[in-house]
$ cat target-v1.pdb   # PDB, C-alpha atoms
ATOM      1  CA  MET X   5      38.896  12.871 -22.993
ATOM      2  CA  GLU X   6      41.466  14.408 -25.301
ATOM      3  CA  ILE X   7      42.672  12.183 -28.134
ATOM      4  CA  LYS X   8      46.416  12.547 -28.648
ATOM      5  CA  LYS X   9      49.659  10.663 -29.230
ATOM      6  CA  LYS X  10      51.518   9.574 -26.147
ATOM      7  CA  ASN X  11      54.801   7.886 -25.256
ATOM      8  CA  LYS X  12      56.071   5.619 -28.058
ATOM      9  CA  PHE X  13      57.531   3.039 -25.665
ATOM     10  CA  PHE X  14      54.218   2.600 -23.815
ATOM     11  CA  THR X  15      52.392   2.534 -27.151
ATOM     12  CA  PHE X  16      54.655  -0.331 -28.239
ATOM     13  CA  MET X  17      54.059  -2.214 -24.986
ATOM     14  CA  PHE X  18      50.286  -1.656 -25.063
ATOM     15  CA  SER X  19      50.053  -2.665 -28.736
ATOM     16  CA  PHE X  20      50.358  -6.304 -27.678
ATOM     17  CA  ILE X  21      47.056  -5.992 -25.765
ATOM     18  CA  PRO X  22      44.127  -5.594 -28.188
ATOM     19  CA  GLY X  23      42.484  -2.197 -27.757
ATOM     20  CA  ALA X  24      44.909  -0.909 -25.127
ATOM     21  CA  VAL X  25      46.690   1.632 -27.378
ATOM     22  CA  GLU X  26      43.415   3.160 -28.506
ATOM     23  CA  MET X  27      42.292   3.512 -24.889
ATOM     24  CA  TYR X  28      45.712   4.882 -23.905
ATOM     25  CA  MET X  29      45.391   7.551 -26.595
ATOM     26  CA  GLY X  30      41.856   8.502 -25.506
ATOM     27  CA  LEU X  31      39.753   6.481 -27.962
ATOM     28  CA  MET X  32      37.854   4.659 -25.222
ATOM     29  CA  LYS X  33      34.925   3.305 -27.281
ATOM     30  CA  ASN X  34      37.247   2.154 -30.049
ATOM     31  CA  GLY X  35      39.685   0.432 -27.718
ATOM     32  CA  PHE X  36      37.024  -1.051 -25.484
ATOM     33  CA  SER X  37      35.156  -2.552 -28.449
ATOM     34  CA  ILE X  38      38.354  -4.150 -29.814
ATOM     35  CA  MET X  39      39.208  -5.478 -26.365
ATOM     36  CA  GLY X  40      35.633  -6.712 -25.940
ATOM     37  CA  CYS X  41      35.709  -8.618 -29.238
ATOM     38  CA  PHE X  42      38.998 -10.259 -28.263
ATOM     39  CA  ALA X  43      37.732 -11.148 -24.774
ATOM     40  CA  ALA X  44      34.431 -12.514 -26.128
ATOM     41  CA  LEU X  45      36.235 -14.810 -28.563
ATOM     42  CA  PHE X  46      38.578 -15.970 -25.811
ATOM     43  CA  ALA X  47      35.566 -16.668 -23.552
ATOM     44  CA  LEU X  48      33.875 -18.664 -26.314
ATOM     45  CA  TYR X  49      37.125 -20.579 -26.831
ATOM     46  CA  THR X  50      37.104 -21.651 -23.185
ATOM     47  CA  VAL X  51      33.362 -22.414 -23.041
ATOM     48  CA  PHE X  52      33.362 -24.708 -26.095
ATOM     49  CA  PRO X  53      36.232 -27.049 -25.281
ATOM     50  CA  TYR X  54      36.282 -29.434 -28.239
ATOM     51  CA  ILE X  55      34.126 -28.670 -31.240
ATOM     52  CA  PHE X  56      34.784 -24.996 -31.930
ATOM     53  CA  GLN X  57      38.216 -24.469 -30.394
ATOM     54  CA  GLY X  58      40.000 -24.390 -33.751
ATOM     55  CA  VAL X  59      37.520 -21.870 -35.140
ATOM     56  CA  PHE X  60      37.711 -19.577 -32.133
ATOM     57  CA  ILE X  61      41.501 -19.734 -31.863
ATOM     58  CA  SER X  62      41.710 -18.707 -35.542
ATOM     59  CA  PHE X  63      39.453 -15.712 -34.936
ATOM     60  CA  ILE X  64      41.389 -14.833 -31.771
ATOM     61  CA  PHE X  65      44.589 -14.613 -33.829
ATOM     62  CA  LEU X  66      42.850 -12.577 -36.525
ATOM     63  CA  VAL X  67      41.504 -10.089 -33.978
ATOM     64  CA  TRP X  68      44.895  -9.881 -32.258
ATOM     65  CA  PHE X  69      46.741  -9.114 -35.519
ATOM     66  CA  PHE X  70      44.066  -6.641 -36.576
ATOM     67  CA  ALA X  71      44.278  -4.910 -33.184
ATOM     68  CA  PHE X  72      48.081  -4.739 -33.312
ATOM     69  CA  PHE X  73      48.185  -3.083 -36.731
ATOM     70  CA  HIS X  74      45.134  -0.931 -36.030
ATOM     71  CA  ALA X  75      46.922   0.434 -32.965
ATOM     72  CA  TRP X  76      49.966   1.427 -35.005
ATOM     73  CA  ASN X  77      47.814   2.953 -37.753
ATOM     74  CA  VAL X  78      46.050   5.096 -35.159
ATOM     75  CA  PHE X  79      49.380   6.022 -33.575
ATOM     76  CA  SER X  80      50.869   7.004 -36.950
ATOM     77  CA  THR X  81      47.921   9.289 -37.775
ATOM     78  CA  SER X  82      48.937  12.943 -37.983
ATOM     79  CA  PRO X  83      48.164  15.076 -34.902
ATOM     80  CA  GLU X  84      45.758  17.222 -36.957
ATOM     81  CA  LYS X  85      43.704  14.211 -38.060
ATOM     82  CA  LEU X  86      43.939  12.676 -34.623
ATOM     83  CA  ALA X  87      42.533  15.827 -33.006
ATOM     84  CA  VAL X  88      39.366  15.654 -35.136
ATOM     85  CA  MET X  89      39.046  11.855 -35.015
ATOM     86  CA  LYS X  90      35.756  10.600 -33.578
ATOM     87  CA  ASP X  91      35.769   7.956 -30.878
ATOM     88  CA  ARG X  92      33.650   5.204 -32.441
ATOM     89  CA  TYR X  93      33.080   1.523 -31.845
ATOM     90  CA  ILE X  94      35.254  -0.618 -34.104
ATOM     91  CA  TRP X  95      32.332  -1.949 -36.170
ATOM     92  CA  GLU X  96      31.411   1.628 -37.070
ATOM     93  CA  GLU X  97      34.741   1.882 -38.908
ATOM     94  CA  PHE X  98      33.536  -0.877 -41.230
ATOM     95  CA  ASP X  99      30.261   0.940 -41.980
ATOM     96  CA  LEU X 100      28.358  -1.650 -39.959
ATOM     97  CA  GLY X 101      27.034   0.928 -37.486
ATOM     98  CA  ASP X 102      23.400   0.562 -38.576
ATOM     99  CA  LYS X 103      23.563  -3.217 -38.671
ATOM    100  CA  VAL X 104      25.370  -3.708 -35.345
ATOM    101  CA  LYS X 105      23.880  -0.761 -33.484
ATOM    102  CA  LEU X 106      23.150  -1.655 -29.877
ATOM    103  CA  PRO X 107      20.022  -0.044 -28.455
ATOM    104  CA  ASP X 108      20.543   1.599 -25.073
ATOM    105  CA  GLY X 109      18.514  -0.940 -23.072
ATOM    106  CA  MET X 110      19.700  -4.026 -24.940
ATOM    107  CA  VAL X 111      22.845  -4.568 -22.876
ATOM    108  CA  ARG X 112      20.931  -4.154 -19.616
ATOM    109  CA  LYS X 113      18.214  -6.476 -20.859
ATOM    110  CA  TYR X 114      20.346  -9.371 -22.124
ATOM    111  CA  MET X 115      23.622  -9.110 -20.197
ATOM    112  CA  PRO X 116      22.148 -10.675 -17.027
ATOM    113  CA  PHE X 117      21.189 -13.756 -19.053
ATOM    114  CA  VAL X 118      24.698 -14.018 -20.493
ATOM    115  CA  LEU X 119      26.204 -13.707 -17.014
ATOM    116  CA  ILE X 120      23.783 -16.292 -15.592
ATOM    117  CA  ILE X 121      24.599 -18.771 -18.385
ATOM    118  CA  CYS X 122      28.341 -18.302 -17.886
ATOM    119  CA  GLY X 123      27.929 -18.642 -14.106
ATOM    120  CA  LEU X 124      25.834 -21.793 -14.453
ATOM    121  CA  SER X 125      28.423 -23.262 -16.823
ATOM    122  CA  MET X 126      31.203 -22.622 -14.293
ATOM    123  CA  MET X 127      29.053 -23.953 -11.435
ATOM    124  CA  TRP X 128      28.280 -27.076 -13.467
ATOM    125  CA  SER X 129      32.001 -27.691 -13.896
ATOM    126  CA  TYR X 130      32.516 -27.407 -10.124
ATOM    127  CA  VAL X 131      29.546 -29.667  -9.297
ATOM    128  CA  SER X 132      30.636 -32.288 -11.835
ATOM    129  CA  ARG X 133      34.090 -32.471 -10.208
ATOM    130  CA  ILE X 134      32.413 -33.150  -6.841
ATOM    131  CA  ALA X 135      30.102 -35.736  -8.445
ATOM    132  CA  PHE X 136      33.164 -37.454  -9.946
ATOM    133  CA  ARG X 137      34.419 -38.153  -6.424
ATOM    134  CA  LEU X 138      31.045 -39.408  -5.136
ATOM    135  CA  ILE X 139      29.847 -41.607  -8.022
ATOM    136  CA  PRO X 140      31.407 -45.083  -8.382
ATOM    137  CA  ASP X 141      33.824 -45.493 -11.304
ATOM    138  CA  GLU X 142      31.746 -48.055 -13.228
ATOM    139  CA  LEU X 143      28.691 -45.759 -13.154
ATOM    140  CA  TRP X 144      30.752 -42.632 -13.836
ATOM    141  CA  ASP X 145      32.097 -44.073 -17.111
ATOM    142  CA  ASP X 146      28.531 -44.090 -18.475
ATOM    143  CA  LEU X 147      27.649 -40.646 -17.102
ATOM    144  CA  TYR X 148      30.891 -38.811 -17.907
ATOM    145  CA  SER X 149      30.051 -37.611 -21.425
ATOM    146  CA  LEU X 150      26.563 -36.480 -20.355
ATOM    147  CA  VAL X 151      27.855 -34.560 -17.319
ATOM    148  CA  ASN X 152      30.890 -33.115 -19.087
ATOM    149  CA  ASP X 153      29.123 -31.939 -22.250
ATOM    150  CA  LEU X 154      25.847 -30.663 -20.770
ATOM    151  CA  PRO X 155      26.849 -26.944 -20.624
ATOM    152  CA  GLU X 156      28.055 -27.103 -24.223
ATOM    153  CA  VAL X 157      24.788 -28.733 -25.346
ATOM    154  CA  VAL X 158      22.684 -26.134 -23.490
ATOM    155  CA  ILE X 159      24.655 -23.233 -25.008
ATOM    156  CA  ALA X 160      24.396 -24.834 -28.463
ATOM    157  CA  ILE X 161      20.603 -25.107 -28.065
ATOM    158  CA  ILE X 162      20.401 -21.460 -26.981
ATOM    159  CA  LEU X 163      22.474 -20.392 -30.012
ATOM    160  CA  ILE X 164      20.241 -22.407 -32.350
ATOM    161  CA  VAL X 165      17.077 -20.870 -30.861
ATOM    162  CA  LEU X 166      18.559 -17.357 -31.169
ATOM    163  CA  GLY X 167      19.563 -18.083 -34.774
ATOM    164  CA  ILE X 168      16.049 -19.256 -35.633
ATOM    165  CA  ARG X 169      14.567 -16.118 -34.046
ATOM    166  CA  LEU X 170      16.948 -13.926 -36.049
ATOM    167  CA  ILE X 171      16.048 -15.744 -39.274
ATOM    168  CA  ARG X 172      12.321 -15.322 -38.580
ATOM    169  CA  GLY X 173      12.782 -11.635 -37.814
ATOM    170  CA  LYS X 174      14.771 -11.109 -41.006
ATOM    171  CA  LYS X 175      12.175 -13.053 -43.018
ATOM    172  CA  LYS X 176       9.361 -10.841 -41.688
ATOM    173  CA  GLU X 177      11.413  -7.743 -42.470
ATOM    174  CA  LEU X 178      12.048  -8.932 -46.042
ATOM    175  CA  GLU X 179       8.375  -9.813 -46.519
ATOM    176  CA  ALA X 180       7.385  -6.336 -45.327
ATOM    177  CA  GLU X 181       9.846  -4.782 -47.796
ATOM    178  CA  ASP X 182       8.497  -6.972 -50.625
ATOM    179  CA  ALA X 183       4.916  -6.017 -49.767
ATOM    180  CA  GLY X 184       5.858  -2.316 -49.801
ATOM    181  CA  GLY X 185       7.607  -2.738 -53.149
ATOM    182  CA  ALA X 186       4.631  -4.604 -54.641
ATOM    183  CA  GLU X 187       2.264  -1.856 -53.489
ATOM    184  CA  SER X 188       4.386   0.833 -55.155
ATOM    185  CA  VAL X 189       4.507  -1.190 -58.404
ATOM    186  CA  ASN X 190       0.704  -1.581 -58.327
ATOM    187  CA  MET X 191       0.282   2.161 -57.717
ATOM    188  CA  ILE X 192       2.562   2.961 -60.672
ATOM    189  CA  ALA X 193       0.644   0.503 -62.897
ATOM    190  CA  GLU X 194      -2.706   2.004 -61.877
ATOM    191  CA  ALA X 195      -1.402   5.536 -62.553
ATOM    192  CA  ALA X 196      -0.228   4.448 -65.997
ATOM    193  CA  LYS X 197      -3.676   2.981 -66.780
ATOM    194  CA  GLU X 198      -5.411   6.186 -65.746
ATOM    195  CA  GLU X 199      -3.231   8.240 -68.088
TER     196      GLU X 199
END
$ encode --input "target-v1.pdb" --output "structure tokens"
Amino acid sequence: MEIKKKNKFFTFMFSFIPGAVEMYMGLMKNGFSIMGCFAALFALYTVFPYIFQGVFISFIFLVWFFAFFHAWNVFSTSPEKLAVMKDRYIWEEFDLGDKVKLPDGMVRKYMPFVLIICGLSMMWSYVSRIAFRLIPDELWDDLYSLVNDLPEVVIAIILIVLGIRLIRGKKKELEAEDAGGAESVNMIAEAAKEE
């Protein structure tokens, strides 16, 4: 798709939707990644109703403001620079491409689990509303917090487990780097002794 400036009025209108201007101008990866970040934060805001709402709403505003000004910076780029501009994901603009690089099969591998968790969370909300009508009030008062907060607790446990796995993976990676560095120091020391 050709990357070029388009109608200023539509650019202004689309600038209020994160990522829309970039997509309108032909930067599909760039716009889609901005829109995806905004949508993911909004989804997290709705999934975690009490504890993290303030955090997520703050990040939602930050992403929205960033997207608005990013759109106008891209629009104000000269046509010559715009013609040679690469369509990249937004995190690649921050030189995080190697750290946030998504392997080809990763989305296919993990996206079904994300969709299942979101679906189960929505289904749990529906089932708990039905249970509210069937369970007597005096019993429901004791069960309400358990039934209402169960999806949030399950998601929190999943996030903790994922965090622990990431920490272990990073620890192994750092230990491997340290072992490689120690071996090179030993080799240099042995070479110095031989001389």
$ residues_around --input "target-v1.pdb" --residues "Trp76 (chain X)" --least-positions-apart "2" --cutoff "9 Å" --atoms "all atoms listed in the file" --output "PyMOL selection string"
chain X and resi 15-16+19+25+71-74+78-81
$ resolve_selection --input "target-v1.pdb" --expression "the PyMOL selection byres ((chain X and resi 132) around 12)" --output "PDB file with C-alpha atoms, in the frame of the given file"
ATOM      1  CA  LEU X 124      25.834 -21.793 -14.453  1.00  0.00           C
ATOM      2  CA  SER X 125      28.423 -23.262 -16.823  1.00  0.00           C
ATOM      3  CA  MET X 126      31.203 -22.622 -14.293  1.00  0.00           C
ATOM      4  CA  MET X 127      29.053 -23.953 -11.435  1.00  0.00           C
ATOM      5  CA  TRP X 128      28.280 -27.076 -13.467  1.00  0.00           C
ATOM      6  CA  SER X 129      32.001 -27.691 -13.896  1.00  0.00           C
ATOM      7  CA  TYR X 130      32.516 -27.407 -10.124  1.00  0.00           C
ATOM      8  CA  VAL X 131      29.546 -29.667  -9.297  1.00  0.00           C
ATOM      9  CA  ARG X 133      34.090 -32.471 -10.208  1.00  0.00           C
ATOM     10  CA  ILE X 134      32.413 -33.150  -6.841  1.00  0.00           C
ATOM     11  CA  ALA X 135      30.102 -35.736  -8.445  1.00  0.00           C
ATOM     12  CA  PHE X 136      33.164 -37.454  -9.946  1.00  0.00           C
ATOM     13  CA  ARG X 137      34.419 -38.153  -6.424  1.00  0.00           C
ATOM     14  CA  LEU X 138      31.045 -39.408  -5.136  1.00  0.00           C
ATOM     15  CA  ILE X 139      29.847 -41.607  -8.022  1.00  0.00           C
ATOM     16  CA  TRP X 144      30.752 -42.632 -13.836  1.00  0.00           C
ATOM     17  CA  LEU X 147      27.649 -40.646 -17.102  1.00  0.00           C
ATOM     18  CA  TYR X 148      30.891 -38.811 -17.907  1.00  0.00           C
ATOM     19  CA  SER X 149      30.051 -37.611 -21.425  1.00  0.00           C
ATOM     20  CA  LEU X 150      26.563 -36.480 -20.355  1.00  0.00           C
ATOM     21  CA  VAL X 151      27.855 -34.560 -17.319  1.00  0.00           C
ATOM     22  CA  ASN X 152      30.890 -33.115 -19.087  1.00  0.00           C
ATOM     23  CA  ASP X 153      29.123 -31.939 -22.250  1.00  0.00           C
ATOM     24  CA  LEU X 154      25.847 -30.663 -20.770  1.00  0.00           C
ATOM     25  CA  PRO X 155      26.849 -26.944 -20.624  1.00  0.00           C
TER      26      PRO X 155
END
$ atom_distance --input "target-v1.pdb" --atom1 "CA of Phe70 (chain X)" --atom2 "CA of Phe36 (chain X)"
14.3 Å
$ closest_residue --input "target-v1.pdb" --among "X:Gly35, X:Lys113, X:Gly173, X:Ile121" --to "Ala160 (chain X)" --atoms "all atoms listed in the file"
X:Ile121
$ closest_residue --input "target-v1.pdb" --among "X:Arg92, X:Lys12, X:Arg169, X:Lys176" --to "Ser37 (chain X)" --atoms "all atoms listed in the file"
X:Arg92
$ residues_around --input "target-v1.pdb" --residues "Ile94 (chain X)" --least-positions-apart "4" --cutoff "12 Å" --atoms "all atoms listed in the file" --output "PyMOL selection string"
chain X and resi 22-23+26+31-42+67+70-71+74-75+90+98-101+104-105
$ residues_around --input "target-v1.pdb" --residues "Ala87 (chain X)" --least-positions-apart "2" --cutoff "10 Å" --atoms "all atoms listed in the file" --output "list in words"
Glu6, Ile7, Lys8, Lys9, Thr81, Ser82, Pro83, Glu84, Lys85, Met89 and Lys90 of chain X
